file input-v8.txt (compact mmCIF, N, CA, C and O atoms)
# COMPACT_ATOMS: atom_id res chain seq x y z
N THR A 1 28.04 140.80 102.99
CA THR A 1 28.01 141.81 101.95
C THR A 1 28.96 141.42 100.83
O THR A 1 29.86 140.64 101.01
N ARG A 2 28.75 142.02 99.70
CA ARG A 2 29.63 141.79 98.55
C ARG A 2 30.38 143.07 98.22
O ARG A 2 29.84 144.16 98.37
N MET A 3 31.59 142.92 97.76
CA MET A 3 32.38 144.07 97.34
C MET A 3 31.77 144.61 96.05
O MET A 3 31.55 143.86 95.11
N PRO A 4 31.46 145.90 96.01
CA PRO A 4 30.90 146.46 94.77
C PRO A 4 31.96 146.48 93.67
O PRO A 4 33.15 146.53 93.93
N ALA A 5 31.49 146.43 92.44
CA ALA A 5 32.40 146.49 91.30
C ALA A 5 33.09 147.85 91.27
O ALA A 5 32.49 148.87 91.60
N THR A 6 34.35 147.84 90.89
CA THR A 6 35.10 149.09 90.75
C THR A 6 35.74 149.11 89.36
O THR A 6 36.93 148.85 89.20
N PRO A 7 34.92 149.43 88.34
CA PRO A 7 35.42 149.41 86.97
C PRO A 7 36.30 150.61 86.62
O PRO A 7 36.88 150.66 85.55
N GLY A 8 36.40 151.55 87.53
CA GLY A 8 37.19 152.76 87.27
C GLY A 8 38.66 152.57 87.60
O GLY A 8 39.21 151.48 87.49
N ARG A 9 39.27 153.63 88.05
CA ARG A 9 40.70 153.63 88.34
C ARG A 9 41.02 153.06 89.71
O ARG A 9 40.18 153.08 90.61
N ALA A 10 42.23 152.58 89.86
CA ALA A 10 42.79 152.21 91.16
C ALA A 10 43.71 153.36 91.56
O ALA A 10 44.71 153.62 90.90
N ILE A 11 43.34 154.07 92.62
CA ILE A 11 44.13 155.22 93.09
C ILE A 11 44.91 154.75 94.32
O ILE A 11 44.32 154.52 95.38
N ARG A 12 46.20 154.58 94.17
CA ARG A 12 47.03 154.08 95.27
C ARG A 12 47.53 155.24 96.13
O ARG A 12 48.00 156.24 95.61
N VAL A 13 47.41 155.05 97.44
CA VAL A 13 47.90 156.06 98.39
C VAL A 13 48.94 155.38 99.28
O VAL A 13 48.60 154.54 100.10
N PRO A 14 50.22 155.73 99.09
CA PRO A 14 51.27 155.10 99.90
C PRO A 14 51.27 155.66 101.31
O PRO A 14 50.64 156.68 101.59
N ALA A 15 52.02 155.02 102.18
CA ALA A 15 52.22 155.56 103.53
C ALA A 15 52.77 156.97 103.39
O ALA A 15 53.66 157.23 102.59
N GLY A 16 52.21 157.92 104.12
CA GLY A 16 52.62 159.31 104.03
C GLY A 16 52.00 160.06 102.86
O GLY A 16 52.25 161.24 102.68
N GLY A 17 51.18 159.36 102.05
CA GLY A 17 50.55 159.99 100.89
C GLY A 17 49.38 160.86 101.29
O GLY A 17 48.96 160.90 102.45
N ASP A 18 48.82 161.54 100.32
CA ASP A 18 47.75 162.51 100.54
C ASP A 18 46.39 161.85 100.31
O ASP A 18 45.88 161.83 99.19
N LEU A 19 45.81 161.33 101.38
CA LEU A 19 44.52 160.66 101.28
C LEU A 19 43.43 161.63 100.85
O LEU A 19 42.57 161.29 100.04
N GLN A 20 43.44 162.86 101.35
CA GLN A 20 42.40 163.81 100.97
C GLN A 20 42.45 164.10 99.47
O GLN A 20 41.41 164.20 98.83
N ALA A 21 43.63 164.20 98.90
CA ALA A 21 43.74 164.42 97.45
C ALA A 21 43.15 163.24 96.68
O ALA A 21 42.48 163.43 95.66
N ALA A 22 43.38 162.02 97.17
CA ALA A 22 42.81 160.84 96.52
C ALA A 22 41.28 160.87 96.61
O ALA A 22 40.59 160.56 95.63
N LEU A 23 40.75 161.25 97.77
CA LEU A 23 39.29 161.35 97.93
C LEU A 23 38.72 162.41 97.00
O LEU A 23 37.66 162.21 96.39
N ASP A 24 39.41 163.53 96.87
CA ASP A 24 38.93 164.60 96.00
C ASP A 24 38.96 164.18 94.54
O ASP A 24 38.09 164.56 93.76
N ASP A 25 39.97 163.41 94.15
CA ASP A 25 40.15 162.99 92.77
C ASP A 25 39.25 161.82 92.37
O ASP A 25 38.96 161.63 91.19
N ALA A 26 38.82 161.03 93.33
CA ALA A 26 38.06 159.80 93.03
C ALA A 26 36.69 160.11 92.44
O ALA A 26 36.05 161.10 92.78
N ARG A 27 36.29 159.21 91.53
CA ARG A 27 34.96 159.27 90.92
C ARG A 27 34.24 157.95 91.19
O ARG A 27 34.89 156.93 91.45
N PRO A 28 32.90 157.95 91.14
CA PRO A 28 32.19 156.68 91.32
C PRO A 28 32.76 155.61 90.39
O PRO A 28 33.02 155.86 89.22
N GLY A 29 32.98 154.43 90.96
CA GLY A 29 33.57 153.32 90.22
C GLY A 29 35.06 153.15 90.49
O GLY A 29 35.64 152.14 90.14
N ASP A 30 35.69 154.14 91.14
CA ASP A 30 37.11 154.05 91.47
C ASP A 30 37.31 153.31 92.79
O ASP A 30 36.40 153.21 93.62
N ALA A 31 38.52 152.80 92.98
CA ALA A 31 38.93 152.20 94.25
C ALA A 31 40.15 152.97 94.75
O ALA A 31 41.10 153.19 94.01
N ILE A 32 40.09 153.40 95.99
CA ILE A 32 41.24 154.03 96.65
C ILE A 32 41.91 152.94 97.46
O ILE A 32 41.29 152.34 98.34
N LEU A 33 43.16 152.66 97.14
CA LEU A 33 43.90 151.56 97.75
C LEU A 33 44.96 152.13 98.69
O LEU A 33 45.91 152.79 98.26
N LEU A 34 44.77 151.89 99.97
CA LEU A 34 45.65 152.44 101.00
C LEU A 34 46.74 151.44 101.36
O LEU A 34 46.48 150.24 101.45
N ALA A 35 47.94 151.93 101.58
CA ALA A 35 49.08 151.09 101.93
C ALA A 35 48.78 150.29 103.20
O ALA A 35 48.32 150.85 104.21
N ARG A 36 49.06 149.02 103.13
CA ARG A 36 48.83 148.12 104.26
C ARG A 36 49.61 148.59 105.48
O ARG A 36 50.80 148.88 105.40
N GLY A 37 48.93 148.71 106.62
CA GLY A 37 49.57 149.07 107.87
C GLY A 37 49.89 150.55 108.03
O GLY A 37 50.34 150.96 109.09
N ALA A 38 49.67 151.35 106.98
CA ALA A 38 49.97 152.78 107.07
C ALA A 38 48.94 153.49 107.94
O ALA A 38 47.80 153.04 108.07
N THR A 39 49.34 154.59 108.53
CA THR A 39 48.43 155.41 109.33
C THR A 39 48.23 156.74 108.61
O THR A 39 49.20 157.39 108.21
N PHE A 40 46.97 157.12 108.43
CA PHE A 40 46.61 158.38 107.78
C PHE A 40 45.92 159.24 108.83
O PHE A 40 44.92 158.84 109.40
N ARG A 41 46.48 160.40 109.11
CA ARG A 41 45.97 161.28 110.15
C ARG A 41 45.24 162.46 109.54
O ARG A 41 45.65 162.99 108.52
N GLY A 42 44.16 162.85 110.18
CA GLY A 42 43.43 164.02 109.73
C GLY A 42 41.94 163.79 109.78
O GLY A 42 41.46 162.72 110.12
N ALA A 43 41.24 164.82 109.42
CA ALA A 43 39.79 164.74 109.23
C ALA A 43 39.58 164.69 107.73
O ALA A 43 39.98 165.61 107.01
N PHE A 44 39.01 163.61 107.23
CA PHE A 44 38.86 163.42 105.80
C PHE A 44 37.41 163.59 105.39
O PHE A 44 36.50 163.20 106.12
N VAL A 45 37.20 164.16 104.21
CA VAL A 45 35.86 164.45 103.72
C VAL A 45 35.71 163.86 102.33
O VAL A 45 36.54 164.11 101.45
N LEU A 46 34.65 163.07 102.13
CA LEU A 46 34.30 162.59 100.80
C LEU A 46 33.20 163.51 100.30
O LEU A 46 32.05 163.42 100.73
N ARG A 47 33.60 164.43 99.44
CA ARG A 47 32.67 165.45 98.94
C ARG A 47 31.68 164.84 97.96
O ARG A 47 31.97 163.80 97.37
N PRO A 48 30.54 165.49 97.75
CA PRO A 48 29.54 164.97 96.80
C PRO A 48 30.16 164.77 95.42
O PRO A 48 30.98 165.57 94.96
N LYS A 49 29.75 163.68 94.77
CA LYS A 49 30.24 163.33 93.44
C LYS A 49 29.06 163.18 92.51
O LYS A 49 27.95 162.88 92.94
N THR A 50 29.30 163.36 91.22
CA THR A 50 28.25 163.11 90.24
C THR A 50 28.46 161.72 89.67
O THR A 50 29.57 161.20 89.64
N GLY A 51 27.36 161.12 89.23
CA GLY A 51 27.42 159.78 88.66
C GLY A 51 26.96 158.73 89.64
O GLY A 51 26.70 159.01 90.80
N ALA A 52 26.84 157.53 89.12
CA ALA A 52 26.35 156.41 89.92
C ALA A 52 27.52 155.47 90.24
O ALA A 52 28.48 155.40 89.49
N GLY A 53 27.40 154.77 91.32
CA GLY A 53 28.42 153.79 91.69
C GLY A 53 29.07 154.15 93.01
O GLY A 53 28.83 155.20 93.60
N TRP A 54 29.89 153.24 93.46
CA TRP A 54 30.58 153.36 94.74
C TRP A 54 32.00 153.84 94.53
O TRP A 54 32.62 153.56 93.50
N ILE A 55 32.54 154.49 95.53
CA ILE A 55 33.98 154.71 95.66
C ILE A 55 34.40 153.80 96.81
O ILE A 55 33.94 153.97 97.94
N VAL A 56 35.21 152.82 96.51
CA VAL A 56 35.63 151.84 97.50
C VAL A 56 36.98 152.25 98.07
O VAL A 56 37.90 152.58 97.30
N ILE A 57 37.10 152.26 99.38
CA ILE A 57 38.36 152.54 100.06
C ILE A 57 38.75 151.26 100.79
O ILE A 57 38.00 150.78 101.63
N ARG A 58 39.91 150.72 100.41
CA ARG A 58 40.33 149.44 100.99
C ARG A 58 41.85 149.35 101.02
O ARG A 58 42.54 150.16 100.39
N PRO A 59 42.38 148.34 101.74
CA PRO A 59 43.83 148.14 101.73
C PRO A 59 44.29 147.75 100.32
O PRO A 59 43.55 147.11 99.57
N ASP A 60 45.52 148.11 99.97
CA ASP A 60 46.04 147.72 98.66
C ASP A 60 46.39 146.24 98.61
O ASP A 60 46.48 145.66 97.54
N ASP A 61 46.57 145.62 99.74
CA ASP A 61 46.91 144.20 99.83
C ASP A 61 45.87 143.55 100.74
O ASP A 61 45.82 143.83 101.93
N MET A 62 45.03 142.70 100.16
CA MET A 62 43.94 142.09 100.92
C MET A 62 44.34 140.77 101.58
O MET A 62 43.53 140.15 102.25
N SER A 63 45.60 140.34 101.40
CA SER A 63 46.02 139.08 102.02
C SER A 63 45.96 139.22 103.54
O SER A 63 46.23 140.28 104.08
N GLY A 64 45.57 138.17 104.19
CA GLY A 64 45.45 138.21 105.64
C GLY A 64 44.12 138.72 106.14
O GLY A 64 43.87 138.76 107.34
N LEU A 65 43.25 139.12 105.22
CA LEU A 65 41.91 139.58 105.59
C LEU A 65 40.89 138.53 105.16
O LEU A 65 41.10 137.82 104.18
N PRO A 66 39.78 138.43 105.88
CA PRO A 66 38.78 137.43 105.52
C PRO A 66 38.11 137.79 104.18
O PRO A 66 38.12 138.95 103.76
N GLY A 67 37.54 136.80 103.55
CA GLY A 67 36.87 137.01 102.27
C GLY A 67 35.51 137.66 102.42
O GLY A 67 35.05 137.96 103.53
N GLU A 68 34.88 137.89 101.28
CA GLU A 68 33.55 138.51 101.26
C GLU A 68 32.59 137.75 102.17
O GLU A 68 32.62 136.53 102.24
N GLY A 69 31.74 138.51 102.83
CA GLY A 69 30.72 137.91 103.68
C GLY A 69 31.19 137.52 105.06
O GLY A 69 30.42 137.01 105.85
N THR A 70 32.46 137.76 105.37
CA THR A 70 33.01 137.42 106.68
C THR A 70 33.46 138.70 107.37
O THR A 70 34.18 139.50 106.79
N ARG A 71 33.03 138.88 108.59
CA ARG A 71 33.39 140.09 109.33
C ARG A 71 34.86 140.05 109.74
O ARG A 71 35.40 139.01 110.05
N VAL A 72 35.45 141.23 109.78
CA VAL A 72 36.80 141.34 110.32
C VAL A 72 36.71 141.40 111.83
O VAL A 72 35.66 141.74 112.39
N THR A 73 37.81 141.09 112.49
CA THR A 73 37.89 141.15 113.94
C THR A 73 39.14 141.94 114.32
O THR A 73 39.96 142.26 113.45
N PRO A 74 39.33 142.25 115.59
CA PRO A 74 40.55 142.95 115.99
C PRO A 74 41.82 142.21 115.59
O PRO A 74 42.88 142.82 115.40
N ALA A 75 41.74 140.91 115.41
CA ALA A 75 42.92 140.13 114.99
C ALA A 75 43.40 140.53 113.59
O ALA A 75 44.55 140.25 113.24
N HIS A 76 42.57 141.18 112.81
CA HIS A 76 42.92 141.59 111.44
C HIS A 76 43.50 142.99 111.38
O HIS A 76 43.88 143.47 110.30
N ALA A 77 43.60 143.68 112.50
CA ALA A 77 43.99 145.10 112.52
C ALA A 77 45.36 145.35 111.86
O ALA A 77 45.54 146.36 111.17
N ALA A 78 46.32 144.46 112.04
CA ALA A 78 47.65 144.69 111.48
C ALA A 78 47.65 144.70 109.96
O ALA A 78 48.54 145.28 109.34
N ALA A 79 46.66 144.08 109.35
CA ALA A 79 46.58 144.02 107.88
C ALA A 79 45.88 145.21 107.27
O ALA A 79 45.78 145.31 106.05
N MET A 80 45.39 146.11 108.11
CA MET A 80 44.61 147.24 107.61
C MET A 80 45.32 148.57 107.80
O MET A 80 46.03 148.76 108.77
N PRO A 81 45.06 149.50 106.89
CA PRO A 81 45.52 150.88 107.14
C PRO A 81 44.68 151.49 108.25
O PRO A 81 43.56 151.03 108.51
N LYS A 82 45.21 152.51 108.86
CA LYS A 82 44.49 153.17 109.96
C LYS A 82 44.41 154.66 109.68
O LYS A 82 45.24 155.23 109.08
call {"tool": "encode", "arguments": {"input": "input-v8.txt", "output": "structure tokens"}}
result
Amino acid sequence: TRMPATPGRAIRVPAGGDLQAALDDARPGDAILLARGATFRGAFVLRPKTGAGWIVIRPDDMSGLPGEGTRVTPAHAAAMPK
């Protein structure tokens, strides 16, 4: 797969930050960047949005993760938010 374009805003969520607020604020084309290794607890909802495009949720630091088209494995878990 290919990473969709995210021409909108980069919404950073630090460890202990409010992921639900970021999801509520995000618009198609935005990227929500989660702190590497942080744990976010709760039931999260991505509510319906208007407009076309993706909202991408990914780690803020992609180092240590495989590139596009390569599957992640359990060995990559430490590099990802949870």
call {"tool": "closest_residue", "arguments": {"input": "input-v8.txt", "among": "A:Arg2, A:His76, A:Lys82, A:Arg58", "to": "Thr39 (chain A)", "atoms": "only C-alpha atoms"}}
result
A:Lys82
call {"tool": "closest_residue", "arguments": {"input": "input-v8.txt", "among": "A:Met80, A:Leu23, A:Leu33, A:Ala75", "to": "Ile57 (chain A)", "atoms": "only C-alpha atoms"}}
result
A:Leu33
call {"tool": "select_by_dssp", "arguments": {"input": "input-v8.txt", "residues": "chain A", "states": "strand (DSSP E)", "output": "MDAnalysis selection string"}}
result
chainID A and resid 10:13 31:34 56:59
call {"tool": "atom_distance", "arguments": {"input": "input-v8.txt", "atom1": "atom N of Ile11 (chain A)", "atom2": "atom N of Pro81 (chain A)"}}
result
15.1 Å
call {"tool": "residues_around", "arguments": {"input": "input-v8.txt", "residues": "Asp30 (chain A)", "least_positions_apart": "2", "cutoff": "6 Å", "atoms": "all atoms listed in the file", "output": "VMD selection string"}}
result
chain A and resid 6 to 10 27 to 28 32 54 to 57
call {"tool": "residues_around", "arguments": {"input": "input-v8.txt", "residues": "region 15-22 of chain A", "least_positions_apart": "6", "cutoff": "7 Å", "atoms": "all atoms listed in the file", "output": "PyMOL selection string"}}
result
chain A and resi 32+34-36+38-40+43-45
call {"tool": "closest_residue", "arguments": {"input": "input-v8.txt", "among": "A:Gly53, A:Arg71, A:Pro48, A:Pro59", "to": "Val13 (chain A)", "atoms": "only C-alpha atoms"}}
result
A:Pro59
call {"tool": "select_by_dssp", "arguments": {"input": "input-v8.txt", "residues": "chain A", "states": "alpha helix (DSSP H)", "output": "mmCIF file with N, CA, C and O atoms, keeping the file's coordinate frame"}}
result
data_model
loop_
_atom_site.group_PDB
_atom_site.id
_atom_site.type_symbol
_atom_site.label_atom_id
_atom_site.label_comp_id
_atom_site.auth_asym_id
_atom_site.auth_seq_id
_atom_site.Cartn_x
_atom_site.Cartn_y
_atom_site.Cartn_z
ATOM 1 N N LEU A 19 45.810 161.330 101.380
ATOM 2 C CA LEU A 19 44.520 160.660 101.280
ATOM 3 C C LEU A 19 43.430 161.630 100.850
ATOM 4 O O LEU A 19 42.570 161.290 100.040
ATOM 5 N N GLN A 20 43.440 162.860 101.350
ATOM 6 C CA GLN A 20 42.400 163.810 100.970
ATOM 7 C C GLN A 20 42.450 164.100 99.470
ATOM 8 O O GLN A 20 41.410 164.200 98.830
ATOM 9 N N ALA A 21 43.630 164.200 98.900
ATOM 10 C CA ALA A 21 43.740 164.420 97.450
ATOM 11 C C ALA A 21 43.150 163.240 96.680
ATOM 12 O O ALA A 21 42.480 163.430 95.660
ATOM 13 N N ALA A 22 43.380 162.020 97.170
ATOM 14 C CA ALA A 22 42.810 160.840 96.520
ATOM 15 C C ALA A 22 41.280 160.870 96.610
ATOM 16 O O ALA A 22 40.590 160.560 95.630
ATOM 17 N N LEU A 23 40.750 161.250 97.770
ATOM 18 C CA LEU A 23 39.290 161.350 97.930
ATOM 19 C C LEU A 23 38.720 162.410 97.000
ATOM 20 O O LEU A 23 37.660 162.210 96.390
ATOM 21 N N ASP A 24 39.410 163.530 96.870
ATOM 22 C CA ASP A 24 38.930 164.600 96.000
ATOM 23 C C ASP A 24 38.960 164.180 94.540
ATOM 24 O O ASP A 24 38.090 164.560 93.760
ATOM 25 N N ASP A 25 39.970 163.410 94.150
ATOM 26 C CA ASP A 25 40.150 162.990 92.770
ATOM 27 C C ASP A 25 39.250 161.820 92.370
ATOM 28 O O ASP A 25 38.960 161.630 91.190
#
call {"tool": "atom_distance", "arguments": {"input": "input-v8.txt", "atom1": "CA of Ala26 (chain A)", "atom2": "CA of Thr50 (chain A)"}}
result
10.7 Å
call {"tool": "atom_distance", "arguments": {"input": "input-v8.txt", "atom1": "atom C of Ala79 (chain A)", "atom2": "atom O of Asp61 (chain A)"}}
result
5.5 Å
call {"tool": "decode", "arguments": {"input": "input-v8.txt", "residues": "chain A", "atoms": "C-alpha atoms", "output": "PDB file, in the first residue's frame"}}
result
ATOM      1  CA  THR A   1       0.000   0.000   0.000  1.00  0.00           C
ATOM      2  CA  ARG A   2       0.999   3.614  -0.353  1.00  0.00           C
ATOM      3  CA  MET A   3       0.689   6.316   2.267  1.00  0.00           C
ATOM      4  CA  PRO A   4      -2.074   8.707   1.188  1.00  0.00           C
ATOM      5  CA  ALA A   5      -1.194  12.356   0.726  1.00  0.00           C
ATOM      6  CA  THR A   6      -1.802  14.537   3.767  1.00  0.00           C
ATOM      7  CA  PRO A   7      -1.814  18.107   2.444  1.00  0.00           C
ATOM      8  CA  GLY A   8      -3.592  19.391   5.551  1.00  0.00           C
ATOM      9  CA  ARG A   9      -2.348  19.962   9.067  1.00  0.00           C
ATOM     10  CA  ALA A  10      -0.053  17.832  11.187  1.00  0.00           C
ATOM     11  CA  ILE A  11      -1.815  17.416  14.547  1.00  0.00           C
ATOM     12  CA  ARG A  12       0.720  16.231  17.127  1.00  0.00           C
ATOM     13  CA  VAL A  13      -0.482  14.309  20.166  1.00  0.00           C
ATOM     14  CA  PRO A  14       2.180  13.940  22.870  1.00  0.00           C
ATOM     15  CA  ALA A  15       2.272  11.177  25.460  1.00  0.00           C
ATOM     16  CA  GLY A  16      -0.607  11.889  27.834  1.00  0.00           C
ATOM     17  CA  GLY A  17      -2.273  14.111  25.210  1.00  0.00           C
ATOM     18  CA  ASP A  18      -5.929  14.084  24.229  1.00  0.00           C
ATOM     19  CA  LEU A  19      -6.242  11.737  21.255  1.00  0.00           C
ATOM     20  CA  GLN A  20     -10.031  12.088  21.112  1.00  0.00           C
ATOM     21  CA  ALA A  21      -9.711  15.879  20.807  1.00  0.00           C
ATOM     22  CA  ALA A  22      -7.267  15.396  17.917  1.00  0.00           C
ATOM     23  CA  LEU A  23      -9.690  12.991  16.207  1.00  0.00           C
ATOM     24  CA  ASP A  24     -12.546  15.458  16.675  1.00  0.00           C
ATOM     25  CA  ASP A  25     -10.466  18.345  15.307  1.00  0.00           C
ATOM     26  CA  ALA A  26      -9.022  16.482  12.301  1.00  0.00           C
ATOM     27  CA  ARG A  27     -10.292  17.085   8.781  1.00  0.00           C
ATOM     28  CA  PRO A  28      -9.718  15.013   5.632  1.00  0.00           C
ATOM     29  CA  GLY A  29      -6.147  15.595   4.491  1.00  0.00           C
ATOM     30  CA  ASP A  30      -4.779  15.967   8.037  1.00  0.00           C
ATOM     31  CA  ALA A  31      -2.276  13.669   9.733  1.00  0.00           C
ATOM     32  CA  ILE A  32      -2.531  12.869  13.436  1.00  0.00           C
ATOM     33  CA  LEU A  33       0.994  12.197  14.688  1.00  0.00           C
ATOM     34  CA  LEU A  34       1.189  10.177  17.897  1.00  0.00           C
ATOM     35  CA  ALA A  35       4.225  10.241  20.188  1.00  0.00           C
ATOM     36  CA  ARG A  36       6.492   7.274  19.588  1.00  0.00           C
ATOM     37  CA  GLY A  37       6.053   4.589  22.250  1.00  0.00           C
ATOM     38  CA  ALA A  38       3.232   6.454  24.022  1.00  0.00           C
ATOM     39  CA  THR A  39       0.152   4.588  25.216  1.00  0.00           C
ATOM     40  CA  PHE A  40      -3.300   6.097  24.630  1.00  0.00           C
ATOM     41  CA  ARG A  41      -6.097   4.533  26.670  1.00  0.00           C
ATOM     42  CA  GLY A  42      -9.783   4.724  25.959  1.00  0.00           C
ATOM     43  CA  ALA A  43     -12.422   4.028  23.390  1.00  0.00           C
ATOM     44  CA  PHE A  44     -11.788   6.384  20.493  1.00  0.00           C
ATOM     45  CA  VAL A  45     -14.299   7.417  17.831  1.00  0.00           C
ATOM     46  CA  LEU A  46     -13.584   8.945  14.429  1.00  0.00           C
ATOM     47  CA  ARG A  47     -16.829  10.771  13.795  1.00  0.00           C
ATOM     48  CA  PRO A  48     -18.158  11.406  10.270  1.00  0.00           C
ATOM     49  CA  LYS A  49     -16.347  14.209   8.450  1.00  0.00           C
ATOM     50  CA  THR A  50     -17.232  16.270   5.409  1.00  0.00           C
ATOM     51  CA  GLY A  51     -14.921  16.479   2.429  1.00  0.00           C
ATOM     52  CA  ALA A  52     -12.762  14.045   0.537  1.00  0.00           C
ATOM     53  CA  GLY A  53      -9.471  12.520   1.578  1.00  0.00           C
ATOM     54  CA  TRP A  54      -7.951  10.486   4.348  1.00  0.00           C
ATOM     55  CA  ILE A  55      -7.168  11.276   7.948  1.00  0.00           C
ATOM     56  CA  VAL A  56      -3.900   9.460   8.592  1.00  0.00           C
ATOM     57  CA  ILE A  57      -2.983   8.377  12.121  1.00  0.00           C
ATOM     58  CA  ARG A  58       0.667   7.435  12.471  1.00  0.00           C
ATOM     59  CA  PRO A  59       3.705   7.703  14.749  1.00  0.00           C
ATOM     60  CA  ASP A  60       5.351  11.130  14.780  1.00  0.00           C
ATOM     61  CA  ASP A  61       8.725   9.453  14.212  1.00  0.00           C
ATOM     62  CA  MET A  62       8.774   6.826  11.470  1.00  0.00           C
ATOM     63  CA  SER A  63      12.409   5.800  12.011  1.00  0.00           C
ATOM     64  CA  GLY A  64      12.746   2.131  12.810  1.00  0.00           C
ATOM     65  CA  LEU A  65       9.614   1.248  10.845  1.00  0.00           C
ATOM     66  CA  PRO A  66       9.626  -0.412   7.430  1.00  0.00           C
ATOM     67  CA  GLY A  67       8.955   1.663   4.331  1.00  0.00           C
ATOM     68  CA  GLU A  68       5.865   1.746   2.156  1.00  0.00           C
ATOM     69  CA  GLY A  69       4.714  -1.598   0.863  1.00  0.00           C
ATOM     70  CA  THR A  70       6.355  -3.569   3.680  1.00  0.00           C
ATOM     71  CA  ARG A  71       4.323  -5.066   6.493  1.00  0.00           C
ATOM     72  CA  VAL A  72       5.193  -4.356  10.088  1.00  0.00           C
ATOM     73  CA  THR A  73       5.893  -7.234  12.442  1.00  0.00           C
ATOM     74  CA  PRO A  74       5.869  -7.604  16.236  1.00  0.00           C
ATOM     75  CA  ALA A  75       9.557  -6.605  16.135  1.00  0.00           C
ATOM     76  CA  HIS A  76       8.418  -3.051  15.245  1.00  0.00           C
ATOM     77  CA  ALA A  77       6.107  -2.664  18.270  1.00  0.00           C
ATOM     78  CA  ALA A  78       8.522  -0.513  20.306  1.00  0.00           C
ATOM     79  CA  ALA A  79       8.542   2.120  17.544  1.00  0.00           C
ATOM     80  CA  MET A  80       4.772   2.514  17.557  1.00  0.00           C
ATOM     81  CA  PRO A  81       2.291   4.243  19.815  1.00  0.00           C
ATOM     82  CA  LYS A  82      -0.229   1.976  21.471  1.00  0.00           C
TER      83      LYS A  82
END
